[in-house]
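Structure file work-v5.cif (mmCIF, C-alpha atoms and all ligand atoms) is printed below.
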data_work
#
loop_
_atom_site.group_PDB
_atom_site.id
_atom_site.type_symbol
_atom_site.label_atom_id
_atom_site.label_comp_id
_atom_site.auth_asym_id
_atom_site.auth_seq_id
_atom_site.Cartn_x
_atom_site.Cartn_y
_atom_site.Cartn_z
ATOM 1 C CA MET A 932 102.151 16.549 139.820
ATOM 2 C CA PRO A 933 105.229 18.728 140.351
ATOM 3 C CA ALA A 934 104.514 22.433 140.752
ATOM 4 C CA VAL A 935 105.460 24.416 137.664
ATOM 5 C CA SER A 936 106.301 28.100 137.702
ATOM 6 C CA THR A 937 104.379 30.432 135.399
ATOM 7 C CA ASN A 938 104.859 33.978 134.200
ATOM 8 C CA ARG A 939 102.206 36.663 134.040
ATOM 9 C CA GLY A 940 101.525 36.146 130.314
ATOM 10 C CA ASP A 941 100.734 32.473 130.936
ATOM 11 C CA GLU A 942 98.532 33.365 133.863
ATOM 12 C CA LEU A 943 96.479 35.780 131.758
ATOM 13 C CA LYS A 944 95.610 32.997 129.307
ATOM 14 C CA PHE A 945 94.786 30.654 132.170
ATOM 15 C CA GLU A 946 92.612 33.303 133.795
ATOM 16 C CA GLU A 947 90.778 33.956 130.555
ATOM 17 C CA LEU A 948 89.898 30.266 130.251
ATOM 18 C CA ILE A 949 88.806 30.012 133.886
ATOM 19 C CA GLU A 950 86.889 33.295 133.857
ATOM 20 C CA GLY A 951 85.007 32.146 130.749
ATOM 21 C CA LEU A 952 84.141 28.830 132.346
ATOM 22 C CA VAL A 953 82.906 30.480 135.548
ATOM 23 C CA THR A 954 80.780 33.131 133.827
ATOM 24 C CA ASN A 955 79.711 31.456 130.533
ATOM 25 C CA GLN A 956 80.209 27.700 131.137
ATOM 26 C CA PHE A 957 83.127 27.675 128.685
ATOM 27 C CA GLY A 958 86.410 29.467 128.111
ATOM 28 C CA VAL A 959 88.150 30.053 124.790
ATOM 29 C CA VAL A 960 91.570 31.610 124.119
ATOM 30 C CA ASP A 961 93.773 31.893 121.068
ATOM 31 C CA ASP A 962 97.457 31.004 121.437
ATOM 32 C CA PHE A 963 97.087 28.836 124.517
ATOM 33 C CA LEU A 964 100.304 27.344 123.099
ATOM 34 C CA ASP A 965 103.162 29.280 121.526
ATOM 35 C CA PRO A 966 102.463 29.333 117.777
ATOM 36 C CA GLU A 967 105.767 27.509 117.101
ATOM 37 C CA LEU A 968 104.832 24.759 119.533
ATOM 38 C CA ALA A 969 101.429 24.354 117.834
ATOM 39 C CA ILE A 970 103.274 23.883 114.517
ATOM 40 C CA ASP A 971 105.695 21.337 116.002
ATOM 41 C CA LEU A 972 102.819 19.366 117.522
ATOM 42 C CA ARG A 973 100.980 19.480 114.184
ATOM 43 C CA ILE A 974 104.053 17.942 112.546
ATOM 44 C CA ASN A 975 104.155 15.275 115.291
ATOM 45 C CA LEU A 976 100.514 14.442 114.668
ATOM 46 C CA GLN A 977 100.995 14.268 110.893
ATOM 47 C CA LYS A 978 103.943 11.926 111.414
ATOM 48 C CA ARG A 979 101.880 9.642 113.645
ATOM 49 C CA TRP A 980 99.178 9.675 110.999
ATOM 50 C CA SER A 981 101.515 8.807 108.126
ATOM 51 C CA ASP A 982 103.237 6.140 110.266
ATOM 52 C CA GLY A 983 99.853 4.473 110.855
ATOM 53 C CA GLN A 984 99.951 5.135 114.611
ATOM 54 C CA MET A 985 96.494 6.693 114.846
ATOM 55 C CA HIS A 986 93.523 4.419 115.472
ATOM 56 C CA PRO A 987 89.736 4.829 115.467
ATOM 57 C CA ALA A 988 88.532 6.214 118.775
ATOM 58 C CA GLY A 989 86.202 4.033 120.838
ATOM 59 C CA ILE A 990 83.203 5.217 122.798
ATOM 60 C CA GLY A 991 82.698 2.176 124.978
ATOM 61 C CA LYS A 992 83.250 -1.568 125.011
ATOM 62 C CA ARG A 993 79.529 -2.193 124.724
ATOM 63 C CA PHE A 994 79.412 -0.783 121.220
ATOM 64 C CA SER A 995 80.531 -2.393 118.012
ATOM 65 C CA PHE A 996 83.009 -0.651 115.769
ATOM 66 C CA GLN A 997 80.217 0.061 113.248
ATOM 67 C CA LYS A 998 78.068 1.659 115.948
ATOM 68 C CA ASN A 999 81.015 3.752 117.147
ATOM 69 C CA LEU A 1000 81.497 5.095 113.635
ATOM 70 C CA LYS A 1001 77.956 6.447 113.626
ATOM 71 C CA VAL A 1002 78.863 8.508 116.701
ATOM 72 C CA ARG A 1003 82.452 9.532 116.023
ATOM 73 C CA GLY A 1004 84.855 9.167 113.122
ATOM 74 C CA ASP A 1005 88.069 10.623 114.491
ATOM 75 C CA GLN A 1006 91.305 8.708 114.803
ATOM 76 C CA ILE A 1007 93.375 9.221 117.917
ATOM 77 C CA SER A 1008 96.781 8.594 119.447
ATOM 78 C CA TRP A 1009 97.524 9.169 123.140
ATOM 79 C CA ILE A 1010 100.288 11.474 124.345
ATOM 80 C CA GLU A 1011 102.183 9.809 127.191
ATOM 81 C CA ASN A 1012 102.456 12.102 130.221
ATOM 82 C CA ASN A 1013 106.111 11.045 130.488
ATOM 83 C CA SER A 1014 106.833 11.441 126.774
ATOM 84 C CA GLU A 1015 110.483 12.078 125.832
ATOM 85 C CA ASP A 1016 109.524 14.063 122.727
ATOM 86 C CA ILE A 1017 110.633 17.664 123.330
ATOM 87 C CA PHE A 1018 107.458 19.196 121.932
ATOM 88 C CA GLU A 1019 105.190 16.869 123.863
ATOM 89 C CA LYS A 1020 107.271 17.634 126.973
ATOM 90 C CA SER A 1021 106.569 21.365 126.439
ATOM 91 C CA PHE A 1022 102.909 20.626 125.938
ATOM 92 C CA ILE A 1023 102.682 18.531 129.125
ATOM 93 C CA LYS A 1024 104.507 21.269 131.041
ATOM 94 C CA ARG A 1025 101.991 23.834 129.843
ATOM 95 C CA VAL A 1026 99.034 21.646 130.807
ATOM 96 C CA SER A 1027 100.610 20.943 134.228
ATOM 97 C CA ALA A 1028 101.016 24.676 134.809
ATOM 98 C CA PHE A 1029 97.378 25.222 133.907
ATOM 99 C CA ALA A 1030 96.223 22.396 136.219
ATOM 100 C CA ASP A 1031 98.332 23.851 139.063
ATOM 101 C CA TYR A 1032 96.892 27.301 138.457
ATOM 102 C CA LEU A 1033 93.365 25.933 138.422
ATOM 103 C CA ASN A 1034 93.988 24.052 141.677
ATOM 104 C CA GLN A 1035 95.481 27.118 143.353
ATOM 105 C CA THR A 1036 92.734 29.503 142.285
ATOM 106 C CA CYS A 1037 89.663 27.238 142.352
ATOM 107 C CA TYR A 1038 90.581 24.364 144.744
ATOM 108 C CA THR A 1039 89.701 21.861 142.034
ATOM 109 C CA GLY A 1040 91.947 19.048 143.287
ATOM 110 C CA ILE A 1041 93.054 17.992 139.799
ATOM 111 C CA ASN A 1042 95.698 15.276 140.206
ATOM 112 C CA ASP A 1043 95.979 13.734 136.748
ATOM 113 C CA PHE A 1044 95.314 14.407 133.088
ATOM 114 C CA GLU A 1045 95.212 12.587 129.763
ATOM 115 C CA PHE A 1046 95.483 13.954 126.233
ATOM 116 C CA HIS A 1047 95.374 12.520 122.749
ATOM 117 C CA TYR A 1048 95.984 13.745 119.241
ATOM 118 C CA ALA A 1049 92.843 13.611 117.114
ATOM 119 C CA PHE A 1050 92.571 13.483 113.348
ATOM 120 C CA TYR A 1051 89.175 13.971 111.725
ATOM 121 C CA GLU A 1052 89.358 13.071 108.061
ATOM 122 C CA GLU A 1053 87.261 15.188 105.709
ATOM 123 C CA GLY A 1054 83.580 14.539 106.484
ATOM 124 C CA SER A 1055 84.193 12.963 109.931
ATOM 125 C CA PHE A 1056 82.228 14.160 112.933
ATOM 126 C CA TYR A 1057 81.551 13.490 116.609
ATOM 127 C CA LYS A 1058 77.851 13.579 117.453
ATOM 128 C CA ARG A 1059 76.471 15.445 120.457
ATOM 129 C CA HIS A 1060 77.899 13.949 123.653
ATOM 130 C CA LEU A 1061 79.166 14.527 127.172
ATOM 131 C CA ASP A 1062 82.831 13.715 127.953
ATOM 132 C CA GLN A 1063 82.214 12.282 131.379
ATOM 133 C CA PHE A 1064 80.531 8.920 131.302
ATOM 134 C CA ARG A 1065 79.882 6.241 133.868
ATOM 135 C CA ALA A 1066 83.137 4.446 133.185
ATOM 136 C CA ASP A 1067 85.184 7.610 133.591
ATOM 137 C CA LEU A 1068 83.894 9.758 136.419
ATOM 138 C CA GLY A 1069 87.409 11.119 136.953
ATOM 139 C CA ARG A 1070 87.148 13.454 133.962
ATOM 140 C CA LYS A 1071 86.392 16.887 135.429
ATOM 141 C CA TYR A 1072 87.434 19.412 132.778
ATOM 142 C CA SER A 1073 87.737 19.090 129.016
ATOM 143 C CA LEU A 1074 90.420 21.002 127.138
ATOM 144 C CA VAL A 1075 90.738 20.984 123.350
ATOM 145 C CA ILE A 1076 93.609 22.652 121.485
ATOM 146 C CA TYR A 1077 93.388 23.009 117.711
ATOM 147 C CA LEU A 1078 96.417 22.510 115.489
ATOM 148 C CA ASN A 1079 94.925 23.440 112.107
ATOM 149 C CA ASP A 1080 96.767 25.654 109.655
ATOM 150 C CA ALA A 1081 94.801 28.593 108.162
ATOM 151 C CA TRP A 1082 91.319 27.326 108.907
ATOM 152 C CA LEU A 1083 88.516 29.180 107.103
ATOM 153 C CA ASP A 1084 84.872 29.688 108.034
ATOM 154 C CA THR A 1085 83.956 27.795 104.866
ATOM 155 C CA ASP A 1086 85.974 24.746 106.030
ATOM 156 C CA GLY A 1087 83.237 23.922 108.594
ATOM 157 C CA GLY A 1088 84.277 21.542 111.368
ATOM 158 C CA LYS A 1089 82.901 23.791 114.070
ATOM 159 C CA LEU A 1090 82.589 22.707 117.671
ATOM 160 C CA SER A 1091 79.075 23.370 118.971
ATOM 161 C CA LEU A 1092 78.542 23.736 122.705
ATOM 162 C CA TYR A 1093 75.016 23.239 124.030
ATOM 163 C CA LEU A 1094 74.923 25.579 127.022
ATOM 164 C CA GLN A 1095 72.185 26.101 129.603
ATOM 165 C CA ASP A 1096 70.624 29.108 127.882
ATOM 166 C CA ARG A 1097 72.063 29.054 124.354
ATOM 167 C CA ASP A 1098 74.124 27.181 121.814
ATOM 168 C CA ILE A 1099 77.393 28.511 120.478
ATOM 169 C CA SER A 1100 79.807 27.380 117.757
ATOM 170 C CA ILE A 1101 83.572 27.747 117.665
ATOM 171 C CA LEU A 1102 85.891 27.493 114.656
ATOM 172 C CA PRO A 1103 88.891 25.174 115.162
ATOM 173 C CA LEU A 1104 91.563 27.801 114.491
ATOM 174 C CA GLY A 1105 95.157 26.669 115.039
ATOM 175 C CA GLY A 1106 96.396 27.522 118.553
ATOM 176 C CA ARG A 1107 92.892 28.140 119.866
ATOM 177 C CA SER A 1108 91.838 26.338 123.007
ATOM 178 C CA VAL A 1109 88.409 25.572 124.475
ATOM 179 C CA PHE A 1110 87.751 24.663 128.097
ATOM 180 C CA PHE A 1111 84.565 23.396 129.779
ATOM 181 C CA LYS A 1112 83.291 21.040 132.469
ATOM 182 C CA SER A 1113 83.243 17.426 131.297
ATOM 183 C CA ASP A 1114 80.034 16.478 133.105
ATOM 184 C CA GLU A 1115 78.102 19.619 132.235
ATOM 185 C CA VAL A 1116 78.480 20.773 128.625
ATOM 186 C CA GLU A 1117 77.172 18.616 125.791
ATOM 187 C CA HIS A 1118 79.003 19.315 122.564
ATOM 188 C CA GLU A 1119 79.384 18.178 118.990
ATOM 189 C CA VAL A 1120 82.002 18.274 116.230
ATOM 190 C CA HIS A 1121 80.523 19.040 112.818
ATOM 191 C CA PRO A 1122 81.940 17.560 109.617
ATOM 192 C CA ALA A 1123 84.603 19.581 107.856
ATOM 193 C CA GLY A 1124 85.524 20.024 104.207
ATOM 194 C CA ARG A 1125 89.160 19.159 104.960
ATOM 195 C CA SER A 1126 90.994 17.164 107.597
ATOM 196 C CA ARG A 1127 90.769 18.679 111.064
ATOM 197 C CA ILE A 1128 93.422 18.163 113.744
ATOM 198 C CA SER A 1129 93.574 18.790 117.461
ATOM 199 C CA ILE A 1130 94.722 17.647 120.855
ATOM 200 C CA ALA A 1131 91.827 16.807 123.140
ATOM 201 C CA GLY A 1132 92.025 15.829 126.761
ATOM 202 C CA TRP A 1133 90.821 15.884 130.300
ATOM 203 C CA LEU A 1134 91.942 17.203 133.656
ATOM 204 C CA LYS A 1135 91.077 14.512 136.154
ATOM 205 C CA ARG A 1136 90.536 13.983 139.842
ATOM 206 C CA THR A 1137 91.053 10.348 140.680
HETATM 207 C C1 LIG B 1201 86.286 15.051 122.093
HETATM 208 C C2 LIG B 1201 85.710 16.292 121.515
HETATM 209 C C3 LIG B 1201 86.014 18.395 120.364
HETATM 210 C C4 LIG B 1201 86.746 19.005 119.220
HETATM 211 O O1 LIG B 1201 87.377 14.621 121.656
HETATM 212 O O2 LIG B 1201 85.659 14.486 123.011
HETATM 213 O O3 LIG B 1201 84.575 16.552 121.806
HETATM 214 O O4 LIG B 1201 86.420 20.152 118.872
HETATM 215 N N1 LIG B 1201 86.465 17.097 120.724
HETATM 216 O O5 LIG B 1201 87.620 18.365 118.632
HETATM 217 MN MN MN B 1202 83.998 15.599 123.629
#

Would you write out, as structure tokens, the structure that this file holds?
Amino acid sequence: MPAVSTNRGDELKFEELIEGLVTNQFGVVDDFLDPELAIDLRINLQKRWSDGQMHPAGIGKRFSFQKNLKVRGDQISWIENNSEDIFEKSFIKRVSAFADYLNQTCYTGINDFEFHYAFYEEGSFYKRHLDQFRADLGRKYSLVIYLNDAWLDTDGGKLSLYLQDRDISILPLGGRSVFFKSDEVEHEVHPAGRSRISIAGWLKRT
């Protein structure tokens, strides 16, 4: 990955995420992305959805589609790391800068990442799970960025994290980002009363 320069404002957000992970097993920050970029990515996602480009997410080849649906109901579409879309380019740049910062400050050796748009229709969920599984040991850190507009407490759709000594829940507010170790923190997406959109992905060491 090419090194990407960052300014101090960026670094503060990165530090907040990392500091949270180191002290509490998870980091959360609002406005990980510029608010305008979050809106542009939301529009991208909605376009992919209306163009029929999103597809049901799988959890493993061993499971049937019906079985998958009992575990997760989101529909996804991958963001190519070499995307030509200007907004996706900005997003990838931001993630690269974060990965570089993480490598420089924590010697994490991240050398790849993968992200997808996710669309949870009203009532969809993702049962308690871990993001690193046997087929994908390269996933080291999970990063979720919410793209929802004006999300309310009453909309539900919280992300629960099952930590060592407690459980916590996070509302999927637009622009908010959550960061945790893929092989350590079990988590769950609760059903929402409206559609719920995000970008979810993984920083990898391969
Ligand atoms: C996932 C996931 C969490 C969320 O995609 O693996 O757990 O809050 N997403 O959308
Ligand atoms: Mn997950």

At a cut-off of 12 Å from (91.6, 32.9, 129.4) in the coordinates of the file, what residues are picked up using all atoms listed in the file, written as an mmCIF file with C-alpha atoms, keeping the file's coordinate frame?
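File part12.cif, as written:
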data_model
loop_
_atom_site.group_PDB
_atom_site.id
_atom_site.type_symbol
_atom_site.label_atom_id
_atom_site.label_comp_id
_atom_site.auth_asym_id
_atom_site.auth_seq_id
_atom_site.Cartn_x
_atom_site.Cartn_y
_atom_site.Cartn_z
ATOM 1 C CA GLY A 940 101.525 36.146 130.314
ATOM 2 C CA ASP A 941 100.734 32.473 130.936
ATOM 3 C CA GLU A 942 98.532 33.365 133.863
ATOM 4 C CA LEU A 943 96.479 35.780 131.758
ATOM 5 C CA LYS A 944 95.610 32.997 129.307
ATOM 6 C CA PHE A 945 94.786 30.654 132.170
ATOM 7 C CA GLU A 946 92.612 33.303 133.795
ATOM 8 C CA GLU A 947 90.778 33.956 130.555
ATOM 9 C CA LEU A 948 89.898 30.266 130.251
ATOM 10 C CA ILE A 949 88.806 30.012 133.886
ATOM 11 C CA GLU A 950 86.889 33.295 133.857
ATOM 12 C CA GLY A 951 85.007 32.146 130.749
ATOM 13 C CA LEU A 952 84.141 28.830 132.346
ATOM 14 C CA VAL A 953 82.906 30.480 135.548
ATOM 15 C CA THR A 954 80.780 33.131 133.827
ATOM 16 C CA PHE A 957 83.127 27.675 128.685
ATOM 17 C CA GLY A 958 86.410 29.467 128.111
ATOM 18 C CA VAL A 959 88.150 30.053 124.790
ATOM 19 C CA VAL A 960 91.570 31.610 124.119
ATOM 20 C CA ASP A 961 93.773 31.893 121.068
ATOM 21 C CA ASP A 962 97.457 31.004 121.437
ATOM 22 C CA PHE A 963 97.087 28.836 124.517
ATOM 23 C CA PHE A 1029 97.378 25.222 133.907
ATOM 24 C CA TYR A 1032 96.892 27.301 138.457
ATOM 25 C CA LEU A 1033 93.365 25.933 138.422
ATOM 26 C CA ARG A 1107 92.892 28.140 119.866
ATOM 27 C CA SER A 1108 91.838 26.338 123.007
ATOM 28 C CA VAL A 1109 88.409 25.572 124.475
ATOM 29 C CA PHE A 1110 87.751 24.663 128.097
ATOM 30 C CA PHE A 1111 84.565 23.396 129.779
#

Worksheet item: Which of these, A:Phe1050, A:Tyr1072, A:Phe1044, A:Trp1082, has the shortest distance to Gln984 in chain A once you count all atoms listed in the file?
Response: A:Phe1050

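Comparing A:Ile1023, A:Ile1128, A:Leu1061, A:Ala1066 by their smallest distance to Leu1094 in chain A, the closest is A:Leu1061 (using all atoms listed in the file).
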
Contact table chain A vs ligand LIG 1201 (chain B), cut-off 10 Å, shortest pair per residue, only C-alpha atoms and all ligand atoms, as a Markdown table:
| residue | atom | partner | partner_atom | distance |
| --- | --- | --- | --- | --- |
| A:Ala988 | CA | B:LIG1201 | O1 | 9.0 |
| A:Ile990 | CA | B:LIG1201 | O2 | 9.6 |
| A:Arg1003 | CA | B:LIG1201 | O1 | 9.0 |
| A:Asp1005 | CA | B:LIG1201 | O1 | 8.2 |
| A:Gln1006 | CA | B:LIG1201 | O1 | 9.9 |
| A:Ile1007 | CA | B:LIG1201 | O1 | 8.9 |
| A:Phe1046 | CA | B:LIG1201 | O1 | 9.3 |
| A:His1047 | CA | B:LIG1201 | O1 | 8.3 |
| A:Tyr1048 | CA | B:LIG1201 | O1 | 9.0 |
| A:Ala1049 | CA | B:LIG1201 | O1 | 7.2 |
| A:Phe1050 | CA | B:LIG1201 | O5 | 8.7 |
| A:Tyr1051 | CA | B:LIG1201 | O5 | 8.3 |
| A:Phe1056 | CA | B:LIG1201 | O5 | 8.9 |
| A:Tyr1057 | CA | B:LIG1201 | O3 | 6.7 |
| A:Lys1058 | CA | B:LIG1201 | O3 | 8.5 |
| A:Arg1059 | CA | B:LIG1201 | O3 | 8.3 |
| A:His1060 | CA | B:LIG1201 | O3 | 7.4 |
| A:Leu1061 | CA | B:LIG1201 | O2 | 7.7 |
| A:Asp1062 | CA | B:LIG1201 | O2 | 5.7 |
| A:Gln1063 | CA | B:LIG1201 | O2 | 9.3 |
| A:Ser1073 | CA | B:LIG1201 | O2 | 7.8 |
| A:Leu1074 | CA | B:LIG1201 | N1 | 8.5 |
| A:Val1075 | CA | B:LIG1201 | C4 | 6.1 |
| A:Ile1076 | CA | B:LIG1201 | O5 | 7.9 |
| A:Tyr1077 | CA | B:LIG1201 | O5 | 7.5 |
| A:Gly1088 | CA | B:LIG1201 | O4 | 7.9 |
| A:Lys1089 | CA | B:LIG1201 | O4 | 7.0 |
| A:Leu1090 | CA | B:LIG1201 | O4 | 4.8 |
| A:Ser1091 | CA | B:LIG1201 | O4 | 8.0 |
| A:Leu1092 | CA | B:LIG1201 | O3 | 9.4 |
| A:Ser1100 | CA | B:LIG1201 | O4 | 9.9 |
| A:Ile1101 | CA | B:LIG1201 | O4 | 8.2 |
| A:Leu1102 | CA | B:LIG1201 | O4 | 8.5 |
| A:Pro1103 | CA | B:LIG1201 | O4 | 6.7 |
| A:Ser1108 | CA | B:LIG1201 | O4 | 9.2 |
| A:Val1109 | CA | B:LIG1201 | O4 | 8.0 |
| A:Ser1113 | CA | B:LIG1201 | O2 | 9.1 |
| A:Glu1117 | CA | B:LIG1201 | O3 | 8.7 |
| A:His1118 | CA | B:LIG1201 | O3 | 6.3 |
| A:Glu1119 | CA | B:LIG1201 | O3 | 6.1 |
| A:Val1120 | CA | B:LIG1201 | O4 | 5.5 |
| A:His1121 | CA | B:LIG1201 | O4 | 8.5 |
| A:Arg1127 | CA | B:LIG1201 | O5 | 8.2 |
| A:Ile1128 | CA | B:LIG1201 | O5 | 7.6 |
| A:Ser1129 | CA | B:LIG1201 | O5 | 6.1 |
| A:Ile1130 | CA | B:LIG1201 | O5 | 7.5 |
| A:Ala1131 | CA | B:LIG1201 | O1 | 5.2 |
| A:Gly1132 | CA | B:LIG1201 | O1 | 7.0 |
| A:Trp1133 | CA | B:LIG1201 | O2 | 9.0 |

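Among the candidates A:Asn1079, A:Lys1071, A:Leu1104, A:Arg1025, the one nearest to Ile1041 in chain A when counting all atoms listed in the file is A:Lys1071.
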
Hey, can I get the axis-aligned box for range 1083-1100 of chain A? All listed atoms, 3 Å padding on each side, centre and edge lengths in Å to one decimal, as JSON.
{"center_x": 79.6, "center_y": 25.6, "center_z": 117.2, "size_x": 23.9, "size_y": 14.1, "size_z": 30.7}

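Considering all atoms listed in the file, the residue among A:Asn955, A:Asp1086, A:Phe1022, A:Val1002 positioned nearest to ligand MN 1202 (chain B) is A:Val1002.
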
Worksheet item: For Leu1134 in chain A, which of A:Lys1112, A:Arg1065, A:Arg1070, A:Arg979 is the closest residue, counting all atoms listed in the file?
Response: A:Arg1070

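CA of Glu1053 in chain A sits 29.0 Å away from CA of Ser1014 in chain A.
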
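With CA of Ile1017 in chain A on one side and CA of Asn1042 in chain A on the other, the separation reads 22.7 Å.
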
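Across the structure, CA of Asn1034 in chain A and CA of Leu964 in chain A are spaced 19.9 Å apart.
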
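A distance cut-off of 10 Å around (89.2, 5.6, 141.4), counting all atoms listed in the file, selects these protein and nucleic acid residues: Asp1067, Leu1068, Gly1069, Arg1136 and Thr1137 of chain A.
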
Worksheet entry | Selected residue, from A:Ser1055, A:Val1116, A:Val1026, A:Ile970, that lies nearest to ligand MN 1202 (chain B) when counting all atoms listed in the file |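 That would be A:Val1116, the residue with the smallest distance to ligand MN 1202 (chain B).
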
Extract range 1086-1099 of chain A from the preceding block and save N, CA, C and O atoms as a JSON list (two decimals), in the first residue's frame.
[["chain", "number", "residue", "atom", "x", "y", "z"],
["A", 1086, "ASP", "N", -35.36, 3.66, 16.16],
["A", 1086, "ASP", "CA", -35.21, 2.90, 14.92],
["A", 1086, "ASP", "C", -34.57, 1.53, 15.16],
["A", 1086, "ASP", "O", -34.61, 0.66, 14.29],
["A", 1087, "GLY", "N", -33.95, 1.34, 16.35],
["A", 1087, "GLY", "CA", -33.32, 0.04, 16.65],
["A", 1087, "GLY", "C", -32.05, -0.14, 15.82],
["A", 1087, "GLY", "O", -31.32, 0.80, 15.57],
["A", 1088, "GLY", "N", -31.81, -1.39, 15.38],
["A", 1088, "GLY", "CA", -30.66, -1.66, 14.53],
["A", 1088, "GLY", "C", -29.33, -1.47, 15.21],
["A", 1088, "GLY", "O", -28.30, -1.23, 14.54],
["A", 1089, "LYS", "N", -29.32, -1.58, 16.53],
["A", 1089, "LYS", "CA", -28.05, -1.38, 17.24],
["A", 1089, "LYS", "C", -27.05, -2.49, 16.93],
["A", 1089, "LYS", "O", -27.44, -3.61, 16.60],
["A", 1090, "LEU", "N", -25.79, -2.13, 17.09],
["A", 1090, "LEU", "CA", -24.71, -3.13, 17.06],
["A", 1090, "LEU", "C", -24.36, -3.44, 18.51],
["A", 1090, "LEU", "O", -24.02, -2.53, 19.27],
["A", 1091, "SER", "N", -24.49, -4.70, 18.91],
["A", 1091, "SER", "CA", -24.04, -5.09, 20.24],
["A", 1091, "SER", "C", -22.66, -5.71, 20.15],
["A", 1091, "SER", "O", -22.40, -6.51, 19.25],
["A", 1092, "LEU", "N", -21.79, -5.30, 21.08],
["A", 1092, "LEU", "CA", -20.46, -5.91, 21.18],
["A", 1092, "LEU", "C", -20.41, -6.68, 22.50],
["A", 1092, "LEU", "O", -20.78, -6.14, 23.54],
["A", 1093, "TYR", "N", -19.99, -7.93, 22.43],
["A", 1093, "TYR", "CA", -19.89, -8.76, 23.62],
["A", 1093, "TYR", "C", -18.43, -8.78, 24.06],
["A", 1093, "TYR", "O", -17.62, -9.52, 23.53],
["A", 1094, "LEU", "N", -18.13, -7.88, 25.00],
["A", 1094, "LEU", "CA", -16.75, -7.67, 25.44],
["A", 1094, "LEU", "C", -16.42, -8.60, 26.60],
["A", 1094, "LEU", "O", -17.31, -9.27, 27.14],
["A", 1095, "GLN", "N", -15.14, -8.61, 27.00],
["A", 1095, "GLN", "CA", -14.70, -9.52, 28.05],
["A", 1095, "GLN", "C", -15.50, -9.36, 29.35],
["A", 1095, "GLN", "O", -15.93, -10.33, 29.93],
["A", 1096, "ASP", "N", -15.72, -8.10, 29.75],
["A", 1096, "ASP", "CA", -16.36, -7.89, 31.06],
["A", 1096, "ASP", "C", -17.72, -7.22, 30.98],
["A", 1096, "ASP", "O", -18.31, -6.91, 32.00],
["A", 1097, "ARG", "N", -18.22, -6.96, 29.78],
["A", 1097, "ARG", "CA", -19.53, -6.31, 29.66],
["A", 1097, "ARG", "C", -19.99, -6.35, 28.21],
["A", 1097, "ARG", "O", -19.22, -6.67, 27.30],
["A", 1098, "ASP", "N", -21.26, -6.02, 28.03],
["A", 1098, "ASP", "CA", -21.81, -5.91, 26.68],
["A", 1098, "ASP", "C", -22.17, -4.45, 26.47],
["A", 1098, "ASP", "O", -22.63, -3.79, 27.39],
["A", 1099, "ILE", "N", -21.95, -3.96, 25.26],
["A", 1099, "ILE", "CA", -22.35, -2.59, 24.98],
["A", 1099, "ILE", "C", -23.11, -2.55, 23.64],
["A", 1099, "ILE", "O", -22.95, -3.45, 22.81]]
